[in-house]
>>> print(open('coords_14.pdb').read())   # PDB, C-alpha atoms
ATOM      1  CA  MET A   1      -8.761 -16.506 -24.026
ATOM      2  CA  GLU A   2     -12.461 -15.845 -23.752
ATOM      3  CA  SER A   3     -12.671 -14.851 -20.089
ATOM      4  CA  PRO A   4     -11.055 -11.496 -19.244
ATOM      5  CA  LEU A   5     -11.074 -12.323 -15.532
ATOM      6  CA  ALA A   6      -8.988 -15.452 -16.114
ATOM      7  CA  GLY A   7      -6.485 -13.370 -18.102
ATOM      8  CA  TYR A   8      -5.987 -10.919 -15.257
ATOM      9  CA  LEU A   9      -5.794 -13.733 -12.708
ATOM     10  CA  LEU A  10      -3.147 -15.534 -14.757
ATOM     11  CA  VAL A  11      -1.076 -12.352 -15.065
ATOM     12  CA  ALA A  12      -1.367 -11.887 -11.287
ATOM     13  CA  ALA A  13      -0.371 -15.521 -10.659
ATOM     14  CA  LEU A  14       2.672 -15.182 -12.931
ATOM     15  CA  LEU A  15       3.686 -11.912 -11.248
ATOM     16  CA  PHE A  16       3.289 -13.570  -7.839
ATOM     17  CA  ALA A  17       5.502 -16.469  -8.954
ATOM     18  CA  ILE A  18       8.127 -14.020 -10.289
ATOM     19  CA  GLY A  19       8.093 -12.124  -6.981
ATOM     20  CA  LEU A  20       8.343 -15.348  -5.005
ATOM     21  CA  ALA A  21      11.256 -16.538  -7.141
ATOM     22  CA  GLY A  22      12.962 -13.167  -6.636
ATOM     23  CA  ALA A  23      12.496 -13.345  -2.879
ATOM     24  CA  LEU A  24      13.838 -16.909  -2.771
ATOM     25  CA  VAL A  25      16.806 -16.839  -5.157
ATOM     26  CA  ARG A  26      18.432 -13.418  -4.677
ATOM     27  CA  ARG A  27      21.167 -12.830  -2.120
ATOM     28  CA  ASN A  28      20.556  -9.134  -1.578
ATOM     29  CA  ALA A  29      18.058  -8.110   1.111
ATOM     30  CA  ILE A  30      16.767  -5.178  -0.969
ATOM     31  CA  LEU A  31      15.962  -7.525  -3.861
ATOM     32  CA  VAL A  32      14.070  -9.789  -1.465
ATOM     33  CA  LEU A  33      11.990  -6.763  -0.425
ATOM     34  CA  ILE A  34      11.361  -5.955  -4.106
ATOM     35  CA  GLY A  35      10.143  -9.525  -4.602
ATOM     36  CA  ILE A  36       7.761  -9.152  -1.657
ATOM     37  CA  GLU A  37       6.438  -5.888  -3.117
ATOM     38  CA  LEU A  38       5.789  -7.640  -6.444
ATOM     39  CA  MET A  39       3.842 -10.371  -4.622
ATOM     40  CA  LEU A  40       1.726  -7.782  -2.778
ATOM     41  CA  ASN A  41       1.028  -6.027  -6.072
ATOM     42  CA  ALA A  42      -0.050  -9.282  -7.691
ATOM     43  CA  ALA A  43      -2.554  -9.774  -4.855
ATOM     44  CA  ASN A  44      -3.845  -6.227  -5.422
ATOM     45  CA  LEU A  45      -4.362  -6.984  -9.112
ATOM     46  CA  ASN A  46      -6.429 -10.030  -8.101
ATOM     47  CA  LEU A  47      -8.560  -7.917  -5.762
ATOM     48  CA  ILE A  48      -9.217  -5.252  -8.403
ATOM     49  CA  ALA A  49      -9.991  -7.854 -11.091
ATOM     50  CA  PHE A  50     -12.492  -9.633  -8.828
ATOM     51  CA  TRP A  51     -14.032  -6.258  -7.928
ATOM     52  CA  ARG A  52     -14.435  -5.381 -11.611
ATOM     53  CA  TYR A  53     -15.871  -8.683 -12.819
ATOM     54  CA  GLY A  54     -17.601  -9.918  -9.661
ATOM     55  CA  PRO A  55     -21.158  -9.158  -8.593
ATOM     56  CA  HIS A  56     -22.007  -5.844  -6.846
ATOM     57  CA  PRO A  57     -19.053  -3.634  -7.817
ATOM     58  CA  GLU A  58     -20.965  -0.667  -6.369
ATOM     59  CA  ALA A  59     -20.300  -2.078  -2.863
ATOM     60  CA  LEU A  60     -16.599  -1.192  -3.458
ATOM     61  CA  THR A  61     -15.381  -4.094  -1.316
ATOM     62  CA  GLY A  62     -12.509  -5.280  -3.509
ATOM     63  CA  MET A  63     -11.468  -1.719  -4.366
ATOM     64  CA  MET A  64     -11.300  -0.760  -0.668
ATOM     65  CA  PHE A  65      -9.369  -3.923   0.122
ATOM     66  CA  ALA A  66      -6.840  -3.033  -2.572
ATOM     67  CA  ILE A  67      -6.508   0.573  -1.373
ATOM     68  CA  PHE A  68      -5.889  -0.515   2.235
ATOM     69  CA  SER A  69      -3.488  -3.166   0.981
ATOM     70  CA  ILE A  70      -1.520  -0.479  -0.897
ATOM     71  CA  ALA A  71      -1.295   1.581   2.314
ATOM     72  CA  VAL A  72      -0.118  -1.405   4.377
ATOM     73  CA  ALA A  73       2.427  -2.319   1.702
ATOM     74  CA  ALA A  74       3.836   1.217   1.850
ATOM     75  CA  ALA A  75       4.266   0.899   5.631
ATOM     76  CA  GLU A  76       5.899  -2.502   5.155
ATOM     77  CA  ALA A  77       8.347  -1.097   2.597
ATOM     78  CA  ALA A  78       9.344   1.752   4.925
ATOM     79  CA  VAL A  79      10.017  -0.560   7.877
ATOM     80  CA  GLY A  80      11.733  -3.204   5.734
ATOM     81  CA  LEU A  81      14.135  -0.770   4.099
ATOM     82  CA  GLY A  82      14.809   0.846   7.487
ATOM     83  CA  LEU A  83      15.758  -2.602   8.793
ATOM     84  CA  VAL A  84      18.054  -3.188   5.792
ATOM     85  CA  ILE A  85      19.842   0.105   6.431
ATOM     86  CA  SER A  86      20.165  -0.719  10.130
ATOM     87  CA  ILE A  87      21.589  -4.179   9.406
ATOM     88  CA  TYR A  88      23.976  -2.666   6.877
ATOM     89  CA  ARG A  89      25.289  -0.381   9.603
ATOM     90  CA  HIS A  90      25.907  -3.325  11.925
ATOM     91  CA  ALA A  91      27.179  -5.991   9.532
ATOM     92  CA  ASN A  92      28.430  -3.740   6.683
ATOM     93  CA  THR A  93      26.650  -5.927   4.132
ATOM     94  CA  THR A  94      23.210  -6.474   2.629
ATOM     95  CA  GLU A  95      23.990 -10.026   1.524
ATOM     96  CA  LEU A  96      21.589 -12.353   3.310
ATOM     97  CA  ASP A  97      24.082 -15.251   3.300
ATOM     98  CA  LYS A  98      26.466 -13.232   5.461
ATOM     99  CA  MET A  99      23.845 -12.340   8.073
ATOM    100  CA  ASN A 100      24.366 -15.495  10.096
ATOM    101  CA  ARG A 101      24.705 -14.097  13.602
ATOM    102  CA  MET A 102      21.832 -13.647  16.040
ATOM    103  CA  LYS A 103      24.006 -11.508  18.318
ATOM    104  CA  GLY A 104      24.411  -7.850  17.370
TER
ATOM    105  CA  MET B 105      -9.295  -9.692 -24.433
ATOM    106  CA  SER B 106      -8.055  -6.468 -25.955
ATOM    107  CA  PRO B 107      -4.549  -6.028 -27.372
ATOM    108  CA  ILE B 108      -4.002  -3.296 -24.770
ATOM    109  CA  PHE B 109      -4.319  -5.943 -22.049
ATOM    110  CA  TYR B 110      -1.639  -8.116 -23.669
ATOM    111  CA  LEU B 111       0.631  -5.086 -24.080
ATOM    112  CA  LEU B 112       0.241  -4.112 -20.415
ATOM    113  CA  ALA B 113       0.652  -7.715 -19.262
ATOM    114  CA  VAL B 114       3.918  -8.028 -21.207
ATOM    115  CA  LEU B 115       5.101  -4.683 -19.792
ATOM    116  CA  THR B 116       4.282  -5.663 -16.198
ATOM    117  CA  LEU B 117       5.652  -9.188 -16.369
ATOM    118  CA  GLY B 118       8.741  -8.072 -18.286
ATOM    119  CA  GLY B 119       9.415  -5.420 -15.667
ATOM    120  CA  GLY B 120       8.962  -7.921 -12.861
ATOM    121  CA  LEU B 121      11.175 -10.509 -14.539
ATOM    122  CA  ALA B 122      13.890  -7.926 -15.185
ATOM    123  CA  ALA B 123      13.632  -6.753 -11.573
ATOM    124  CA  VAL B 124      14.492 -10.163 -10.177
ATOM    125  CA  THR B 125      17.084 -11.197 -12.794
ATOM    126  CA  LEU B 126      19.201  -8.101 -13.507
ATOM    127  CA  LYS B 127      22.611  -7.838 -11.863
ATOM    128  CA  HIS B 128      22.871  -4.194 -10.876
ATOM    129  CA  LEU B 129      20.562  -3.161  -8.062
ATOM    130  CA  VAL B 130      19.824   0.230  -9.623
ATOM    131  CA  HIS B 131      18.639  -1.483 -12.816
ATOM    132  CA  CYS B 132      16.467  -3.746 -10.661
ATOM    133  CA  ALA B 133      14.889  -0.698  -9.013
ATOM    134  CA  LEU B 134      14.153   0.838 -12.426
ATOM    135  CA  ALA B 135      12.625  -2.426 -13.682
ATOM    136  CA  THR B 136      10.497  -2.590 -10.530
ATOM    137  CA  THR B 137       9.212   0.890 -11.317
ATOM    138  CA  VAL B 138       8.264  -0.297 -14.810
ATOM    139  CA  ALA B 139       6.351  -3.213 -13.281
ATOM    140  CA  PHE B 140       4.564  -0.865 -10.853
ATOM    141  CA  ALA B 141       3.614   1.447 -13.741
ATOM    142  CA  GLY B 142       2.305  -1.499 -15.759
ATOM    143  CA  LEU B 143       0.183  -2.561 -12.793
ATOM    144  CA  ALA B 144      -1.200   0.958 -12.411
ATOM    145  CA  LEU B 145      -2.172   0.925 -16.102
ATOM    146  CA  LEU B 146      -3.794  -2.489 -15.620
ATOM    147  CA  PHE B 147      -5.831  -1.007 -12.747
ATOM    148  CA  LEU B 148      -6.924   1.830 -15.051
ATOM    149  CA  GLN B 149      -7.811  -0.757 -17.692
ATOM    150  CA  LEU B 150     -10.019  -2.423 -15.051
ATOM    151  CA  ASP B 151     -11.982   0.851 -14.529
ATOM    152  CA  ALA B 152     -10.431   1.307 -11.088
ATOM    153  CA  GLN B 153      -9.195   4.850 -11.615
ATOM    154  CA  PHE B 154      -8.758   5.678  -7.940
ATOM    155  CA  ALA B 155      -6.726   2.547  -7.211
ATOM    156  CA  GLY B 156      -4.654   3.146 -10.343
ATOM    157  CA  PHE B 157      -3.717   6.676  -9.363
ATOM    158  CA  ALA B 158      -3.127   5.608  -5.756
ATOM    159  CA  GLN B 159      -0.778   2.939  -7.143
ATOM    160  CA  ILE B 160       1.102   5.564  -9.173
ATOM    161  CA  LEU B 161       1.368   7.920  -6.184
ATOM    162  CA  VAL B 162       2.309   5.336  -3.575
ATOM    163  CA  TYR B 163       4.446   2.895  -5.544
ATOM    164  CA  ILE B 164       6.122   4.979  -8.236
ATOM    165  CA  GLY B 165       6.164   8.093  -6.069
ATOM    166  CA  ALA B 166       7.170   6.673  -2.712
ATOM    167  CA  VAL B 167       8.214   3.006  -2.683
ATOM    168  CA  ALA B 168      10.473   3.246  -5.745
ATOM    169  CA  ILE B 169      12.191   6.315  -4.262
ATOM    170  CA  LEU B 170      12.595   4.470  -0.941
ATOM    171  CA  ILE B 171      14.193   1.503  -2.721
ATOM    172  CA  VAL B 172      16.613   3.785  -4.594
ATOM    173  CA  PHE B 173      17.512   5.532  -1.316
ATOM    174  CA  ALA B 174      18.126   2.198   0.394
ATOM    175  CA  ILE B 175      20.349   1.038  -2.500
ATOM    176  CA  LEU B 176      22.398   4.241  -2.386
ATOM    177  CA  LEU B 177      22.672   4.281   1.423
ATOM    178  CA  THR B 178      23.901   0.684   1.525
ATOM    179  CA  ARG B 179      26.327   0.969  -1.399
ATOM    180  CA  GLY B 180      24.308  -1.795  -3.048
ATOM    181  CA  SER B 181      25.617  -0.848  -6.479
ATOM    182  CA  ASP B 182      28.807  -2.830  -5.836
ATOM    183  CA  LEU B 183      28.541  -6.264  -7.419
ATOM    184  CA  PRO B 184      29.147  -9.169  -5.027
ATOM    185  CA  LYS B 185      31.950 -11.546  -5.928
ATOM    186  CA  GLU B 186      29.886 -14.687  -5.361
ATOM    187  CA  GLY B 187      27.208 -13.712  -7.882
ATOM    188  CA  VAL B 188      23.773 -12.280  -7.281
ATOM    189  CA  PHE B 189      21.881 -15.555  -6.844
ATOM    190  CA  SER B 190      21.974 -17.622  -3.697
ATOM    191  CA  LYS B 191      23.455 -21.110  -3.574
ATOM    192  CA  THR B 192      20.033 -22.718  -3.300
ATOM    193  CA  TRP B 193      18.494 -20.953  -6.302
ATOM    194  CA  PRO B 194      17.198 -24.120  -8.054
ATOM    195  CA  VAL B 195      15.057 -24.899  -5.013
ATOM    196  CA  GLY B 196      13.594 -21.388  -5.075
ATOM    197  CA  LEU B 197      12.840 -21.667  -8.782
ATOM    198  CA  VAL B 198      11.134 -25.029  -8.300
ATOM    199  CA  ILE B 199       9.003 -23.652  -5.452
ATOM    200  CA  ALA B 200       7.973 -20.598  -7.506
ATOM    201  CA  ALA B 201       7.145 -22.772 -10.548
ATOM    202  CA  ALA B 202       5.093 -25.110  -8.366
ATOM    203  CA  VAL B 203       3.159 -22.174  -6.879
ATOM    204  CA  PHE B 204       2.457 -20.810 -10.358
ATOM    205  CA  ALA B 205       1.361 -24.237 -11.577
ATOM    206  CA  VAL B 206      -1.127 -24.604  -8.712
ATOM    207  CA  LEU B 207      -2.474 -21.047  -9.120
ATOM    208  CA  GLY B 208      -2.762 -21.352 -12.903
ATOM    209  CA  TRP B 209      -4.481 -24.733 -12.615
ATOM    210  CA  ALA B 210      -6.966 -23.309 -10.112
ATOM    211  CA  VAL B 211      -7.705 -20.302 -12.347
ATOM    212  CA  LEU B 212      -8.179 -22.400 -15.476
ATOM    213  CA  GLN B 213     -10.386 -24.882 -13.605
ATOM    214  CA  SER B 214     -12.753 -22.139 -12.420
ATOM    215  CA  VAL B 215     -13.081 -20.058 -15.589
ATOM    216  CA  HIS B 216     -16.829 -20.545 -15.794
ATOM    217  CA  ALA B 217     -17.516 -20.811 -12.055
ATOM    218  CA  VAL B 218     -19.077 -17.357 -11.693
ATOM    219  CA  PRO B 219     -21.010 -15.232 -14.191
ATOM    220  CA  LEU B 220     -18.946 -12.200 -15.127
ATOM    221  CA  GLN B 221     -20.099  -8.631 -14.692
ATOM    222  CA  THR B 222     -19.536  -7.216 -18.172
ATOM    223  CA  ALA B 223     -20.878  -3.670 -17.727
ATOM    224  CA  ALA B 224     -18.250  -1.244 -16.487
ATOM    225  CA  PRO B 225     -19.021  -0.139 -12.915
ATOM    226  CA  SER B 226     -19.638   3.586 -12.559
ATOM    227  CA  VAL B 227     -17.851   4.512  -9.354
ATOM    228  CA  THR B 228     -16.842   8.105  -8.731
ATOM    229  CA  VAL B 229     -14.268   9.429  -6.284
ATOM    230  CA  HIS B 230     -17.224  10.868  -4.372
ATOM    231  CA  ASP B 231     -18.583   7.350  -3.794
ATOM    232  CA  ILE B 232     -15.165   6.173  -2.607
ATOM    233  CA  GLY B 233     -14.862   9.123  -0.222
ATOM    234  CA  VAL B 234     -18.307   8.509   1.231
ATOM    235  CA  ALA B 235     -17.511   4.813   1.684
ATOM    236  CA  LEU B 236     -14.147   5.643   3.326
ATOM    237  CA  VAL B 237     -15.692   7.849   6.000
ATOM    238  CA  GLY B 238     -18.842   5.745   6.311
ATOM    239  CA  ARG B 239     -18.649   1.998   6.138
ATOM    240  CA  TYR B 240     -14.831   1.777   6.136
ATOM    241  CA  VAL B 241     -14.041   4.451   8.718
ATOM    242  CA  LEU B 242     -12.610   2.007  11.278
ATOM    243  CA  PRO B 243     -10.105   0.432   8.821
ATOM    244  CA  LEU B 244      -9.218   3.958   7.679
ATOM    245  CA  GLU B 245      -8.355   4.993  11.241
ATOM    246  CA  ILE B 246      -6.414   1.783  11.828
ATOM    247  CA  VAL B 247      -4.414   2.344   8.630
ATOM    248  CA  ALA B 248      -3.679   5.916   9.737
ATOM    249  CA  LEU B 249      -2.394   4.621  13.074
ATOM    250  CA  LEU B 250      -0.392   1.886  11.327
ATOM    251  CA  LEU B 251       1.240   4.358   8.938
ATOM    252  CA  THR B 252       2.190   6.663  11.823
ATOM    253  CA  ALA B 253       3.627   3.795  13.837
ATOM    254  CA  ALA B 254       5.484   2.398  10.814
ATOM    255  CA  THR B 255       6.997   5.794   9.955
ATOM    256  CA  ILE B 256       8.180   6.382  13.517
ATOM    257  CA  GLY B 257       9.410   2.791  13.746
ATOM    258  CA  ALA B 258      11.345   3.027  10.479
ATOM    259  CA  VAL B 259      13.033   6.245  11.626
ATOM    260  CA  ILE B 260      13.940   4.732  15.014
ATOM    261  CA  VAL B 261      15.261   1.509  13.447
ATOM    262  CA  ALA B 262      17.356   3.319  10.838
ATOM    263  CA  MET B 263      18.504   6.140  13.146
ATOM    264  CA  HIS B 264      22.229   6.474  13.584
ATOM    265  CA  GLU B 265      23.490   5.231  16.919
ATOM    266  CA  LYS B 266      25.599   7.720  18.821
ATOM    267  CA  GLU B 267      27.885   5.177  20.463
ATOM    268  CA  ARG B 268      28.359   1.446  20.442
ATOM    269  CA  THR B 269      27.502  -0.208  23.766
ATOM    270  CA  ARG B 270      29.894  -3.050  23.151
TER
END
>>> encode(input="coords_14.pdb", output="C-alpha cells")
Amino acid sequence: MESPLAGYLLVAALLFAIGLAGALVRRNAILVLIGIELMLNAANLNLIAFWRYGPHPEALTGMMFAIFSIAVAAAEAAVGLGLVISIYRHANTTELDKMNRMKG
Amino acid sequence: MSPIFYLLAVLTLGGGLAAVTLKHLVHCALATTVAFAGLALLFLQLDAQFAGFAQILVYIGAVAILIVFAILLTRGSDLPKEGVFSKTWPVGLVIAAAVFAVLGWAVLQSVHAVPLQTAAPSVTVHDIGVALVGRYVLPLEIVALLLTAATIGAVIVAMHEKERTR
C-alpha cells in the first residue's frame, strides 16, 4: 500500500467493524460496552491519522479532538459500567436477553 | 508503510477480535487491554506522543481496570448456559461486514484525494498546553464539568440501595 493514511484508515475501519460486531452479537452487557469502546478508539485513530497526514498539523485540531474524545469516552465508560452494576443488582444478570422488563 | 505499522495493526486488530470472540469475560478484558495498548503504540507511531500517553493512562490505566471491576462485581466470569452470542448474531455480523465494506470502499476511493503531509509535525507538550488554555479553554472546562458530573452520576447509579421501596 503506497499511502500510509489509507493504511491507518483501513485499520480504523476494521477495528470499528469489529467493535460494532461485538456490540451487536454478544449477550453480555459488559462486552457490548467493550465493543463501544473499541468503536470510539477506532474513531480516535482516524482523528490522529488525519491530524498527522492532513494540512496544518501545527493547528492541533485533530489531536485536540482526539484528546477530548478520550476524556468523553472515559466518562461514558464510568457511567455505562455503573449502569451495568445497578442493573445486575436489580435483575441479578448481565445478559441483555433477560433484561426484558421496563418496570424495576 | 513500515513493518512496524503492520505489526501494530495485527496486534490491535487481533486484540480487538479476541475481545469480542473469547468466551470468558476476564479474557475479553485482557484482550481489550492489548487492543488499547496497540492503539497507543499506533498513536506514538503517528508522532502523537501526547495522545499516545493519554491513551495509555486513560484506557489501560482506568477503563481496563473499570471493566475488570465491573466483571468481578457482577460475577461475569460464570459462563451462560445459552452461549455467549445472541440469537440474532448473523444479522449483527452482516451489519458489521456491510459497514466495513462501505468504509473500506470510501477509503480506497479517496486515496489520492488530498496531498499528504509527509514531514513529521514538531508539536511539543508546551504547544498542547498553550492550546488547551488558549483556543480550547471552553471545551476543556466543559470536559471538566462532564467528567465531574459523570463521576458523581456513576456513583449515584451504582450506589447500594438501603431498602427496596416495593
>>> resolve_selection(input="coords_14.pdb", expression="the PyMOL selection byres ((chain A and resi 47) around 10)", output="MDAnalysis selection string")
chainID A and resid 9 12 41:46 48:52 61:67 69
>>> resolve_selection(input="coords_14.pdb", expression="the PyMOL selection byres ((chain A and resi 70-82) around 9)", output="PyMOL selection string")
(chain A and resi 29-30+33-34+37+40-41+44+65-69+83-87) or (chain B and resi 155+158-159+162-163+166-167+170-171+173-174+247-248+250-255+257-263)
>>> residues_around(input="coords_14.pdb", residues="Val11 of chain A", least_positions_apart="2", cutoff="9 Å", atoms="only C-alpha atoms", output="PDB file with C-alpha atoms, in the frame of the given file")
ATOM      1  CA  ALA A   6      -8.988 -15.452 -16.114  1.00  0.00           C
ATOM      2  CA  GLY A   7      -6.485 -13.370 -18.102  1.00  0.00           C
ATOM      3  CA  TYR A   8      -5.987 -10.919 -15.257  1.00  0.00           C
ATOM      4  CA  LEU A   9      -5.794 -13.733 -12.708  1.00  0.00           C
ATOM      5  CA  ALA A  13      -0.371 -15.521 -10.659  1.00  0.00           C
ATOM      6  CA  LEU A  14       2.672 -15.182 -12.931  1.00  0.00           C
ATOM      7  CA  LEU A  15       3.686 -11.912 -11.248  1.00  0.00           C
ATOM      8  CA  PHE A  16       3.289 -13.570  -7.839  1.00  0.00           C
ATOM      9  CA  ALA A  42      -0.050  -9.282  -7.691  1.00  0.00           C
ATOM     10  CA  LEU A  45      -4.362  -6.984  -9.112  1.00  0.00           C
TER      11      LEU A  45
ATOM     12  CA  ALA B 113       0.652  -7.715 -19.262  1.00  0.00           C
ATOM     13  CA  THR B 116       4.282  -5.663 -16.198  1.00  0.00           C
ATOM     14  CA  LEU B 117       5.652  -9.188 -16.369  1.00  0.00           C
TER      15      LEU B 117
END
>>> atom_distance(input="coords_14.pdb", atom1="atom CA of Asp151 of chain B", atom2="atom CA of Ala235 of chain B")
17.6 Å
>>> closest_residue(input="coords_14.pdb", among="A:Leu60, A:Val32, A:Met99, A:Ala91", to="Leu129 of chain B", atoms="all atoms listed in the file")
A:Val32
>>> resolve_selection(input="coords_14.pdb", expression="the PyMOL selection byres ((chain B and resi 221) around 7)", output="number ranges by chain")
A: 53-55; B: 219-220, 222-223
>>> closest_residue(input="coords_14.pdb", among="B:Gly142, B:Gly238, B:Gly156, B:Pro225", to="chain A", atoms="all atoms listed in the file")
B:Pro225
>>> closest_residue(input="coords_14.pdb", among="B:Leu121, B:Ala210, B:Leu126, B:Ile246", to="Phe189 of chain B", atoms="only C-alpha atoms")
B:Leu126
>>> closest_residue(input="coords_14.pdb", among="A:Arg89, A:Arg26, A:Lys103, A:His56", to="chain B", atoms="only C-alpha atoms")
A:Arg26
>>> atom_distance(input="coords_14.pdb", atom1="atom CA of Leu111 of chain B", atom2="atom CA of Ile160 of chain B")
18.3 Å
>>> residues_around(input="coords_14.pdb", residues="Gly19 of chain A", least_positions_apart="5", cutoff="7 Å", atoms="only C-alpha atoms", output="list in words")
Gly35, Ile36, Leu38 and Met39 of chain A
>>> closest_residue(input="coords_14.pdb", among="A:Arg101, A:Ala59, A:Glu95, A:Tyr88", to="Asp231 of chain B", atoms="all atoms listed in the file")
A:Ala59
>>> closest_residue(input="coords_14.pdb", among="B:Trp209, B:Trp193, B:Tyr110, B:Tyr240", to="chain A", atoms="all atoms listed in the file")
B:Trp193
>>> axis_aligned_box(input="coords_14.pdb", around="segment 111-123 of chain B", padding_each_side="3 Å", output="AutoDock Vina command-line options")
--center_x 7.1 --center_y -7.3 --center_z -17.8 --size_x 19.6 --size_y 12.4 --size_z 18.5
>>> atom_distance(input="coords_14.pdb", atom1="atom CA of Ala201 of chain B", atom2="atom CA of Gly119 of chain B")
18.2 Å
>>> decode(input="coords_14.pdb", residues="segment 24-42 of chain A", atoms="N, CA and C atoms", output="compact mmCIF listing (two decimals), in the first residue's frame")
# COMPACT_ATOMS: atom_id res chain seq x y z
N LEU A 24 -23.05 -5.92 18.68
CA LEU A 24 -24.31 -6.46 18.17
C LEU A 24 -24.51 -7.93 18.49
N VAL A 25 -23.42 -8.72 18.56
CA VAL A 25 -23.63 -10.17 18.66
C VAL A 25 -23.46 -10.72 20.07
N ARG A 26 -22.87 -9.98 21.00
CA ARG A 26 -22.66 -10.56 22.33
C ARG A 26 -23.89 -10.37 23.20
N ARG A 27 -24.08 -11.31 24.12
CA ARG A 27 -25.23 -11.23 25.03
C ARG A 27 -24.92 -10.41 26.27
N ASN A 28 -23.65 -10.34 26.65
CA ASN A 28 -23.31 -9.73 27.93
C ASN A 28 -23.19 -8.21 27.78
N ALA A 29 -23.76 -7.47 28.74
CA ALA A 29 -23.77 -6.01 28.64
C ALA A 29 -22.35 -5.44 28.71
N ILE A 30 -21.47 -6.08 29.50
CA ILE A 30 -20.10 -5.57 29.61
C ILE A 30 -19.38 -5.70 28.28
N LEU A 31 -19.63 -6.80 27.56
CA LEU A 31 -19.00 -6.98 26.24
C LEU A 31 -19.52 -5.97 25.25
N VAL A 32 -20.79 -5.59 25.37
CA VAL A 32 -21.33 -4.55 24.49
C VAL A 32 -20.60 -3.23 24.75
N LEU A 33 -20.35 -2.94 26.04
CA LEU A 33 -19.61 -1.71 26.37
C LEU A 33 -18.18 -1.78 25.82
N ILE A 34 -17.55 -2.97 25.87
CA ILE A 34 -16.21 -3.10 25.31
C ILE A 34 -16.23 -2.83 23.81
N GLY A 35 -17.28 -3.34 23.13
CA GLY A 35 -17.41 -3.08 21.70
C GLY A 35 -17.53 -1.59 21.40
N ILE A 36 -18.31 -0.89 22.24
CA ILE A 36 -18.47 0.56 22.05
C ILE A 36 -17.13 1.27 22.26
N GLU A 37 -16.38 0.83 23.27
CA GLU A 37 -15.06 1.43 23.50
C GLU A 37 -14.14 1.23 22.29
N LEU A 38 -14.20 0.02 21.70
CA LEU A 38 -13.36 -0.23 20.52
C LEU A 38 -13.76 0.69 19.38
N MET A 39 -15.06 0.94 19.21
CA MET A 39 -15.51 1.83 18.14
C MET A 39 -15.01 3.25 18.38
N LEU A 40 -15.10 3.71 19.65
CA LEU A 40 -14.61 5.07 19.96
C LEU A 40 -13.12 5.17 19.69
N ASN A 41 -12.38 4.11 20.01
CA ASN A 41 -10.94 4.13 19.78
C ASN A 41 -10.61 4.16 18.31
N ALA A 42 -11.42 3.44 17.50
CA ALA A 42 -11.18 3.47 16.06
C ALA A 42 -11.38 4.89 15.52
